[in-house]
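What follows is the content of input-v9.txt, which has compact mmCIF, C-alpha atoms and all ligand atoms:
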# COMPACT_ATOMS: atom_id res chain seq x y z
CA MET A 47 -8.30 -13.92 -6.72
CA SER A 48 -11.68 -12.27 -6.19
CA MET A 49 -13.40 -9.88 -8.59
CA VAL A 50 -11.46 -6.61 -8.93
CA LYS A 51 -13.48 -3.48 -9.75
CA LYS A 52 -10.54 -1.15 -10.23
CA SER A 53 -6.96 -1.66 -11.44
CA PRO A 54 -4.82 -0.78 -8.41
CA TRP A 55 -1.80 1.44 -9.07
CA VAL A 56 1.45 0.18 -7.61
CA LEU A 57 4.35 2.23 -6.28
CA HIS A 58 7.73 0.60 -5.65
CA TYR A 59 10.32 2.08 -3.29
CA ASP A 60 13.71 0.51 -2.69
CA GLY A 61 15.13 1.32 0.74
CA SER A 62 18.55 0.16 1.84
CA SER A 63 18.52 -3.10 -0.11
CA CYS A 64 21.45 -4.82 -1.80
CA ASN A 65 19.34 -4.45 -4.98
CA GLY A 66 18.65 -8.18 -5.15
CA CYS A 67 14.95 -7.83 -4.23
CA ASP A 68 14.75 -4.57 -6.15
CA ILE A 69 15.76 -6.33 -9.38
CA GLU A 70 13.25 -9.14 -8.76
CA VAL A 71 10.44 -6.62 -8.23
CA LEU A 72 11.37 -4.85 -11.47
CA ALA A 73 11.32 -8.19 -13.29
CA CYS A 74 7.84 -8.82 -11.86
CA LEU A 75 6.51 -5.41 -12.91
CA THR A 76 7.90 -5.64 -16.46
CA PRO A 77 7.02 -8.14 -19.19
CA VAL A 78 9.45 -10.77 -17.85
CA TYR A 79 6.90 -11.95 -15.22
CA ASP A 80 4.20 -9.46 -16.19
CA ALA A 81 2.35 -8.83 -12.91
CA GLU A 82 0.28 -6.29 -14.88
CA ARG A 83 -1.74 -9.23 -16.21
CA PHE A 84 -3.46 -9.21 -12.78
CA GLY A 85 -4.75 -5.71 -13.45
CA ILE A 86 -2.16 -3.55 -11.67
CA ILE A 87 -0.43 -0.51 -13.16
CA ASN A 88 3.04 0.66 -12.16
CA THR A 89 3.28 4.33 -11.17
CA GLY A 90 5.94 6.67 -9.80
CA ASP A 91 3.40 8.97 -8.16
CA PRO A 92 2.46 8.19 -4.54
CA MET A 93 -0.63 10.37 -4.81
CA GLN A 94 -2.01 7.99 -7.44
CA ALA A 95 -0.84 4.78 -5.78
CA ASP A 96 -2.94 2.16 -4.00
CA ILE A 97 -0.31 -0.47 -3.23
CA LEU A 98 3.18 0.26 -1.90
CA LEU A 99 5.91 -2.34 -2.55
CA LEU A 100 8.89 -1.87 -0.23
CA THR A 101 12.26 -3.57 -0.58
CA GLY A 102 15.26 -3.21 1.73
CA GLY A 103 15.40 -2.24 5.36
CA ILE A 104 14.64 1.07 6.99
CA ASN A 105 17.59 3.25 7.91
CA SER A 106 17.95 6.76 9.28
CA GLN A 107 18.27 8.16 5.73
CA ASN A 108 15.18 6.62 4.17
CA GLN A 109 12.77 6.46 7.11
CA ALA A 110 11.30 9.92 6.51
CA VAL A 111 11.00 9.20 2.77
CA VAL A 112 9.10 5.94 3.32
CA LYS A 113 6.79 7.65 5.82
CA GLN A 114 6.16 10.54 3.43
CA LEU A 115 5.42 8.21 0.49
CA TYR A 116 2.95 6.27 2.65
CA ASP A 117 1.28 9.45 3.92
CA GLN A 118 0.89 10.81 0.39
CA MET A 119 -1.02 7.75 -0.79
CA PRO A 120 -4.80 8.10 -0.69
CA ARG A 121 -6.91 5.75 1.42
CA PRO A 122 -7.50 2.85 1.16
CA LYS A 123 -3.96 1.58 0.69
CA VAL A 124 -1.97 -1.62 1.12
CA VAL A 125 1.71 -2.08 1.98
CA VAL A 126 3.78 -5.11 0.95
CA ALA A 127 7.25 -5.73 2.45
CA ILE A 128 9.32 -7.72 -0.04
CA GLY A 129 12.38 -9.73 1.03
CA VAL A 130 13.69 -10.47 4.47
CA CYS A 131 15.36 -7.02 4.73
CA ALA A 132 12.01 -5.25 4.31
CA CYS A 133 10.32 -7.80 6.59
CA THR A 134 12.76 -7.62 9.52
CA GLY A 135 15.96 -5.79 8.58
CA GLY A 136 17.39 -9.13 7.39
CA VAL A 137 21.13 -9.59 7.03
CA PHE A 138 21.68 -5.88 7.67
CA LYS A 139 19.66 -5.90 10.90
CA GLU A 140 22.68 -5.47 13.19
CA CYS A 141 24.24 -2.65 11.13
CA TYR A 142 24.70 0.61 13.02
CA ASN A 143 22.37 2.57 10.72
CA ILE A 144 19.54 0.03 10.26
CA ILE A 145 16.36 0.69 12.20
CA GLY A 146 14.66 -2.56 11.10
CA GLY A 147 11.97 -3.77 8.71
CA ALA A 148 9.37 -1.64 6.96
CA ASP A 149 6.92 -2.09 9.85
CA THR A 150 9.12 0.07 12.08
CA THR A 151 7.89 3.02 10.00
CA VAL A 152 4.61 2.17 8.21
CA PRO A 153 1.92 -0.46 8.80
CA VAL A 154 2.75 -3.53 6.70
CA ASP A 155 -0.11 -5.75 5.49
CA ILE A 156 1.72 -8.47 3.59
CA TYR A 157 5.18 -9.95 4.20
CA VAL A 158 6.98 -11.67 1.31
CA PRO A 159 9.94 -13.68 2.64
CA GLY A 160 13.12 -14.64 0.79
CA CYS A 161 16.64 -13.42 0.13
CA ALA A 162 16.19 -12.50 -2.55
CA ALA A 163 12.40 -12.82 -2.66
CA ARG A 164 11.52 -15.09 -5.56
CA PRO A 165 9.35 -13.76 -8.39
CA GLN A 166 6.56 -16.26 -7.70
CA ALA A 167 6.50 -15.15 -4.02
CA ILE A 168 6.44 -11.47 -5.07
CA ILE A 169 3.58 -12.11 -7.52
CA ASP A 170 1.72 -14.01 -4.78
CA GLY A 171 2.20 -11.01 -2.47
CA ILE A 172 0.91 -8.64 -5.16
CA VAL A 173 -2.17 -10.83 -5.77
CA GLN A 174 -2.87 -10.86 -2.00
CA ALA A 175 -2.45 -7.08 -1.98
CA ILE A 176 -4.95 -6.67 -4.85
CA ASP A 177 -7.48 -8.79 -2.92
CA LEU A 178 -6.95 -6.81 0.27
CA PHE A 179 -7.14 -3.51 -1.61
CA GLN A 180 -10.49 -4.54 -3.14
CA LYS A 181 -11.83 -5.52 0.29
CA ARG A 182 -10.72 -2.19 1.79
CA SER A 183 -12.13 -0.25 -1.17
CA ASP A 184 -15.54 -1.92 -0.69
CA GLU A 185 -15.48 -1.06 3.04
CA HIS A 186 -14.38 2.51 2.26
CA GLU A 187 -17.17 2.92 -0.32
CA LEU A 188 -19.76 1.68 2.20
CA LEU A 189 -18.39 4.03 4.86
CA MET A 190 -18.57 7.00 2.46
CA LYS A 191 -22.14 6.07 1.46
CA ASN A 192 -23.22 5.88 5.11
CA LYS A 193 -21.48 9.20 5.82
CA GLY A 194 -23.32 10.72 2.84
CA LYS A 195 -26.65 9.38 4.11
CA LYS A 196 -25.97 10.80 7.59
CA ALA A 197 -25.05 14.18 6.07
CA ASP A 198 -28.28 14.16 3.99
CA LEU A 199 -30.28 13.34 7.11
CA LYS A 200 -28.62 16.19 9.05
CA THR A 201 -29.33 18.66 6.21
CA LYS A 202 -32.97 17.57 6.16
CA GLU A 203 -33.22 17.97 9.94
CA ASN A 204 -31.62 21.43 9.74
CA ASN A 205 -33.97 22.47 6.91
CA ASN A 206 -36.98 21.20 8.86
CA SER A 207 -35.99 23.09 12.01
CA SER A 208 -35.33 26.32 10.08
CA ASP A 209 -38.73 25.91 8.33
CA LYS A 210 -40.35 25.58 11.75
CA GLY A 211 -38.47 28.64 12.93
CA ASN A 212 -39.78 30.62 9.94
CA GLU A 213 -43.35 29.50 10.64
CA ALA A 214 -43.07 30.68 14.27
S1 LIG A 301 16.51 -9.78 1.30
FE1 LIG A 301 18.48 -10.44 0.44
S2 LIG A 301 18.36 -9.93 -1.73
FE2 LIG A 301 16.70 -8.81 -0.70
S3 LIG A 301 17.57 -6.80 -0.27
FE3 LIG A 301 17.94 -8.09 1.53
S4 LIG A 301 19.98 -8.97 1.24
FE4 LIG A 301 19.30 -8.17 -0.75
Let me see the structure of the file written as structure tokens.
Ligand code: SF4
Amino acid sequence: MSMVKKSPWVLHYDGSSCNGCDIEVLACLTPVYDAERFGIINTGDPMQADILLLTGGINSQNQAVVKQLYDQMPRPKVVVAIGVCACTGGVFKECYNIIGGADTTVPVDIYVPGCAARPQAIIDGIVQAIDLFQKRSDEHELLMKNKGKKADLKTKENNNSSDKGNEA
């Protein structure tokens, strides 16, 4: 795992799972497997979250909720689909109300396979997500800096042209 400058906040949402993967994620986020030792913090607030952990498939009832949670998260953000249901729809794929995996609704960055996903695979997915989040944060910071420089340059140009206008 590369150097992490900020502790990413993690939000977990359980879609239409059988609760198998949901329980494994909870075990990973609590002291049983203690994923917090990698620097993450569990939160229930999407507006504070950096990493979204999704379990279960997408159905017509939860699709809007998943989309809204994703949209409420600030940029940069990372999405992890945990368990085969979140990856593809899994064993429920052919059910009348299942739309599919999480990527039918939000962009998924990391896929954690398994039914249920094993804790070591979930932790591996979280560590990959932390790495990716750090990379995106660095890119975002650079982008913001460059935008700031461009804005400064524009202000200077505007000031110069208004100074010239005053002189004339
Ligand atoms: S992948 Fe398996 S354990 Fe996980 S939610 Fe689906 S059916 Fe349940």
- Message: At a cut-off of 12 Å around ligand LIG 301 (chain A), and using all atoms listed in the file, what residues come up? Please write them as a ChimeraX atom specification.
- Response: /A:59-71,100-104,127-139,146-147,157-165,168
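Residues with any atom within 10 Å of the point (-1.7, -11.6, -0.3), counting all atoms listed in the file, are Met47, Val126, Asp155, Ile156, Tyr157, Val158, Ala167, Ile168, Ile169, Asp170, Gly171, Ile172, Val173, Gln174, Ala175, Ile176, Asp177, Leu178 and Phe179 of chain A.
Between atom CA of A:Leu75 and atom CA of A:Glu187 there is a distance of 28.1 Å.
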Determine the axis-aligned bounding box of all atoms of stretch 74-84 of chain A present in the file, pad each side by 3 Å, and express its centre and edge lengths in Å to one decimal place as lines of an AutoDock Vina configuration file.
center_x = 3.0
center_y = -8.7
center_z = -15.5
size_x = 18.9
size_y = 12.5
size_z = 13.3
Compile a residue-level contact table for stretch 60-86 of chain A against stretch 49-53 of chain A at a cut-off of 12 Å, reporting for every qualifying residue the shortest atom pair and its distance in Å to one decimal, with only C-alpha atoms counted, rows ordered by chain and ascending number, as CSV.
residue,atom,partner,partner_atom,distance
A:Ala81,CA,A:Ser53,CA,11.8
A:Glu82,CA,A:Ser53,CA,9.3
A:Arg83,CA,A:Ser53,CA,10.4
A:Phe84,CA,A:Ser53,CA,8.4
A:Gly85,CA,A:Ser53,CA,5.0
A:Ile86,CA,A:Ser53,CA,5.2
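Coordinates place atom CA of A:His58 at a distance of 15.7 Å from atom CA of A:Ala110.
Between atom CA of A:Pro153 and atom CA of A:Gln107 lies a distance of 18.7 Å.
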- Item | Surrounding residues of stretch 113-124 of chain A excluding itself and chain neighbours under 6 positions, 8 Å, all atoms listed in the file, as JSON, numbers by chain | {"A": [92, 93, 94, 95, 96, 97, 98, 151, 152, 154, 155, 175, 178, 179, 182, 183, 186]}
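Distances here use only C-alpha atoms; by that measure, the residue among A:Lys191, A:Leu72, A:Lys181, A:Gln109 closest to A:Ala148 is A:Gln109.
Checking A:Asp209, A:Asp91, A:Asp198, A:Glu203 one by one against A:Leu57, counting all atoms listed in the file, you find the shortest gap at A:Asp91.
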